[in-house]
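Shown here: run.cif, mmCIF, C-alpha atoms.
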data_my_file
loop_
_atom_site.label_atom_id
_atom_site.label_comp_id
_atom_site.auth_asym_id
_atom_site.auth_seq_id
_atom_site.Cartn_x
_atom_site.Cartn_y
_atom_site.Cartn_z
CA MET A 837 0.00 0.00 0.00
CA SER A 838 1.52 3.30 -1.07
CA SER A 839 0.39 6.86 -0.49
CA ASN A 840 1.77 10.20 -1.53
CA ILE A 841 2.11 13.33 0.50
CA ALA A 842 0.17 16.17 -1.11
CA ARG A 843 1.96 18.32 -3.66
CA ARG A 844 3.06 21.72 -2.48
CA PRO A 845 1.51 24.80 -4.14
CA ASP A 846 4.96 25.84 -5.43
CA GLY A 847 5.27 22.56 -7.33
CA GLY A 848 7.63 20.82 -4.91
CA THR A 849 7.05 17.18 -4.17
CA ALA A 850 7.49 15.04 -1.14
CA ALA A 851 8.82 11.52 -0.99
CA PRO A 852 6.28 8.76 -1.44
CA THR A 853 5.63 6.79 1.70
CA GLY A 854 5.65 3.18 0.64
CA ALA A 855 7.07 -0.12 1.69
CA ASP A 856 10.27 0.28 -0.33
CA ASN A 857 13.01 -0.19 2.25
CA LYS A 858 15.88 -0.63 -0.17
CA TYR A 859 19.03 1.21 0.84
CA LYS A 860 18.97 3.77 -1.96
CA SER A 861 15.24 4.44 -1.50
CA VAL A 862 15.65 5.06 2.21
CA GLN A 863 18.60 7.36 1.52
CA GLN A 864 16.58 9.28 -1.08
CA ASN A 865 13.58 9.58 1.23
CA LEU A 866 15.76 10.90 4.04
CA LYS A 867 17.41 13.35 1.64
CA THR A 868 14.01 14.54 0.42
CA LEU A 869 12.77 14.96 3.99
CA GLY A 870 15.90 16.90 4.91
CA ARG A 871 15.46 19.24 1.93
CA ALA A 872 11.79 19.75 2.80
CA MET A 873 12.70 20.62 6.38
CA ASP A 874 15.41 23.03 5.18
CA MET A 875 12.85 24.72 2.92
CA ALA A 876 10.37 24.88 5.79
CA VAL A 877 12.98 26.54 8.00
CA GLY A 878 13.54 29.22 5.36
CA GLU A 879 9.83 29.78 4.83
CA LEU A 880 9.16 29.90 8.56
CA ASP A 881 12.00 32.41 9.01
CA ALA A 882 10.38 34.68 6.43
CA LEU A 883 6.94 34.20 8.00
CA LEU A 884 8.31 35.06 11.43
CA VAL A 885 9.84 38.30 10.15
CA ARG A 886 6.56 39.27 8.46
CA MET A 887 4.54 38.48 11.57
CA ARG A 888 6.82 40.52 13.82
CA THR A 889 6.75 43.39 11.35
CA ASN A 890 2.96 43.30 11.12
CA SER A 891 2.66 43.07 14.88
CA GLY A 892 4.76 46.20 15.23
CA ARG A 893 2.73 47.97 12.55
CA SER A 894 -0.49 47.05 14.33
CA GLU A 895 0.87 48.42 17.57
CA ASP A 896 1.90 51.65 15.80
CA ALA A 897 -1.54 51.90 14.22
CA ALA A 898 -3.15 51.52 17.64
CA VAL A 899 -1.03 54.38 18.96
CA ARG A 900 -1.94 56.58 15.97
CA ILE A 901 -5.62 55.73 16.40
CA ALA A 902 -5.42 56.61 20.09
CA ASN A 903 -3.58 59.88 19.30
CA ALA A 904 -6.28 60.74 16.75
CA GLU A 905 -8.80 60.31 19.58
CA LEU A 906 -10.90 57.79 17.71
CA ASP A 907 -13.25 55.51 19.58
CA LYS A 908 -11.35 53.37 22.10
CA LYS A 909 -12.91 50.20 20.73
CA PHE A 910 -10.80 50.62 17.56
CA VAL A 911 -7.65 51.05 19.63
CA GLY A 912 -8.56 47.88 21.52
CA MET A 913 -9.28 45.93 18.33
CA VAL A 914 -5.96 46.89 16.77
CA ASN A 915 -4.16 46.08 20.02
CA HIS A 916 -5.77 42.63 20.00
CA VAL A 917 -4.46 42.08 16.46
CA SER A 918 -0.98 43.11 17.58
CA ILE A 919 -1.09 40.78 20.57
CA ALA A 920 -2.44 37.90 18.47
CA LEU A 921 0.30 38.36 15.87
CA GLY A 922 2.92 38.48 18.61
CA GLY A 923 1.58 35.26 20.13
CA ALA A 924 1.41 33.56 16.74
CA ALA A 925 4.99 34.66 16.05
CA VAL A 926 6.11 32.89 19.23
CA GLU A 927 4.47 29.67 18.03
CA VAL A 928 5.97 30.04 14.54
CA ARG A 929 9.39 30.44 16.17
CA LYS A 930 8.81 27.17 18.09
CA LEU A 931 7.71 25.44 14.88
CA ASN A 932 10.78 26.80 13.11
CA GLU A 933 13.05 25.45 15.85
CA THR A 934 11.36 22.06 15.53
CA ALA A 935 11.75 22.03 11.73
CA HIS A 936 15.43 22.95 12.15
CA GLU A 937 15.87 20.13 14.67
CA VAL A 938 14.12 17.61 12.39
CA SER A 939 16.37 18.70 9.53
CA GLY A 940 19.47 18.03 11.62
CA LEU A 941 18.14 14.71 12.87
CA THR A 942 17.29 13.68 9.31
CA ASP A 943 20.85 14.39 8.21
CA GLU A 944 22.15 12.42 11.18
CA ALA A 945 19.81 9.51 10.39
CA ARG A 946 20.99 9.52 6.79
CA ARG A 947 24.64 9.38 7.82
CA THR A 948 23.96 6.62 10.37
CA HIS A 949 21.95 4.62 7.85
CA ALA A 950 24.77 4.98 5.31
CA ARG A 951 27.39 3.95 7.86
CA LEU A 952 25.40 0.85 8.81
CA TYR A 953 24.09 -0.30 5.44
CA GLU A 954 26.07 1.23 2.57
CA ALA A 955 28.71 -1.50 2.52
CA LEU A 956 26.04 -4.20 2.56
CA ASP A 957 24.20 -2.48 -0.28
CA ASP A 958 27.44 -2.25 -2.27
CA ILE A 959 28.00 -6.00 -1.84
CA ARG A 960 24.44 -6.89 -2.68
CA SER A 961 24.32 -4.56 -5.68
CA SER A 962 27.62 -5.64 -7.21
CA ARG A 963 27.17 -9.38 -7.26
CA PRO A 964 25.25 -11.12 -10.04
CA GLU A 965 23.44 -13.57 -7.77
CA ARG A 966 20.14 -12.58 -6.27
CA THR A 967 19.95 -12.28 -2.50
CA PRO A 968 17.22 -14.21 -0.68
CA LYS A 969 14.49 -12.20 0.94
CA PRO A 970 14.93 -11.37 4.63
CA GLY A 971 13.95 -14.28 6.87
CA PHE A 972 14.62 -16.90 4.19
CA PHE A 973 17.28 -18.64 6.29
CA ALA A 974 15.27 -18.43 9.53
CA HIS A 975 12.87 -21.22 8.54
#
Represent the structure from my file as structure tokens, please.
Amino acid sequence: MSSNIARRPDGGTAAPTGADNKYKSVQQNLKTLGRAMDMAVGELDALLVRMRTNSGRSEDAAVRIANAELDKKFVGMVNHVSIALGGAAVEVRKLNETAHEVSGLTDEARRTHARLYEALDDIRSSRPERTPKPGFFAH
């Protein structure tokens, strides 16, 4: 049974999640995940900057509205927007830290997987004889 992660609006693709556990497939899937996490970090960085900027602009707008002596409910509404954007920015920062961590762990997993299985894959790939399926000798 195989499923695909949804395509990104910018045309990027994610690795299929299937039962293919061959060395090169696992390496490719880890590489794809690492690239996706790196892209997410960049996008979240940009989002965080925009959110902080907009939060500051909302706060400035609230001050200007208050100085113009408009109804206090408008000052309060704009302040709520500023506070909400600030709170959302904190959560985006946490998500960004998590994406950065996953990216690093993915790279580490790829290196570990290569260290453990690359030599075996080289042996299996270079010989003309087929290798029995796992568990064949256990019965």
Mind running segment 842-925 of chain A against segment 929-948 of chain A at 7 Å and telling me each contacting residue's nearest atom pair with the distance in Å (one decimal), counting only C-alpha atoms, chain and number ascending, as JSON lines?
{"residue": "A:Gln863", "atom": "CA", "partner": "A:Arg946", "partner_atom": "CA", "distance": 6.2}
{"residue": "A:Leu866", "atom": "CA", "partner": "A:Arg946", "partner_atom": "CA", "distance": 6.1}
{"residue": "A:Gly870", "atom": "CA", "partner": "A:Ser939", "partner_atom": "CA", "distance": 5.0}
{"residue": "A:Met873", "atom": "CA", "partner": "A:Ser939", "partner_atom": "CA", "distance": 5.2}
{"residue": "A:Asp874", "atom": "CA", "partner": "A:Ser939", "partner_atom": "CA", "distance": 6.2}
{"residue": "A:Ala876", "atom": "CA", "partner": "A:Ala935", "partner_atom": "CA", "distance": 6.7}
{"residue": "A:Val877", "atom": "CA", "partner": "A:Asn932", "partner_atom": "CA", "distance": 5.6}
{"residue": "A:Leu880", "atom": "CA", "partner": "A:Asn932", "partner_atom": "CA", "distance": 5.7}
{"residue": "A:Leu884", "atom": "CA", "partner": "A:Arg929", "partner_atom": "CA", "distance": 6.7}
{"residue": "A:Ala925", "atom": "CA", "partner": "A:Arg929", "partner_atom": "CA", "distance": 6.1}
Taking C-alpha atoms for each residue, export the selection above as a CSV table (one decimal), in the frame of the given file.
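part.csv, written as the output of this step:
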chain,number,residue,atom,x,y,z
A,863,GLN,CA,18.6,7.4,1.5
A,866,LEU,CA,15.8,10.9,4.0
A,870,GLY,CA,15.9,16.9,4.9
A,873,MET,CA,12.7,20.6,6.4
A,874,ASP,CA,15.4,23.0,5.2
A,876,ALA,CA,10.4,24.9,5.8
A,877,VAL,CA,13.0,26.5,8.0
A,880,LEU,CA,9.2,29.9,8.6
A,884,LEU,CA,8.3,35.1,11.4
A,925,ALA,CA,5.0,34.7,16.0
With all atoms listed in the file as the atoms that count, which of A:Ile959, A:Ala950, A:Val917, A:Met887 lies nearest to Val862 of chain A?
A:Ala950
What gap, in Å, lies between atom CA of Ala872 of chain A and atom CA of Val928 of chain A?
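Here the two named atoms are 16.7 Å from each other.
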From the set A:Tyr859, A:Ala902, A:Arg888, A:Ala974, which residue has the shortest atom-to-atom contact distance to Glu927 of chain A, counting all atoms listed in the file?
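Looking only at the distances to Glu927 of chain A, the closest residue turns out to be A:Arg888.
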Between atom CA of Val899 of chain A and atom CA of His916 of chain A, measure the distance and give it in Å to one decimal.
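These two atoms are separated by 12.7 Å.
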Minimum-distance residue to Glu895 of chain A, chosen among A:Pro970, A:Arg871, A:Val911, A:Gly878 (using all atoms listed in the file):
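Of A:Pro970, A:Arg871, A:Val911, A:Gly878, the one nearest Glu895 of chain A, counting all atoms listed in the file, is A:Val911.
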Around all listed atoms of segment 920-925 of chain A, padded 4 Å per side, what centre and edge lengths does the axis-aligned box have in Å to one decimal, as JSON?
{"center_x": 1.3, "center_y": 36.0, "center_z": 18.0, "size_x": 15.4, "size_y": 12.9, "size_z": 12.3}
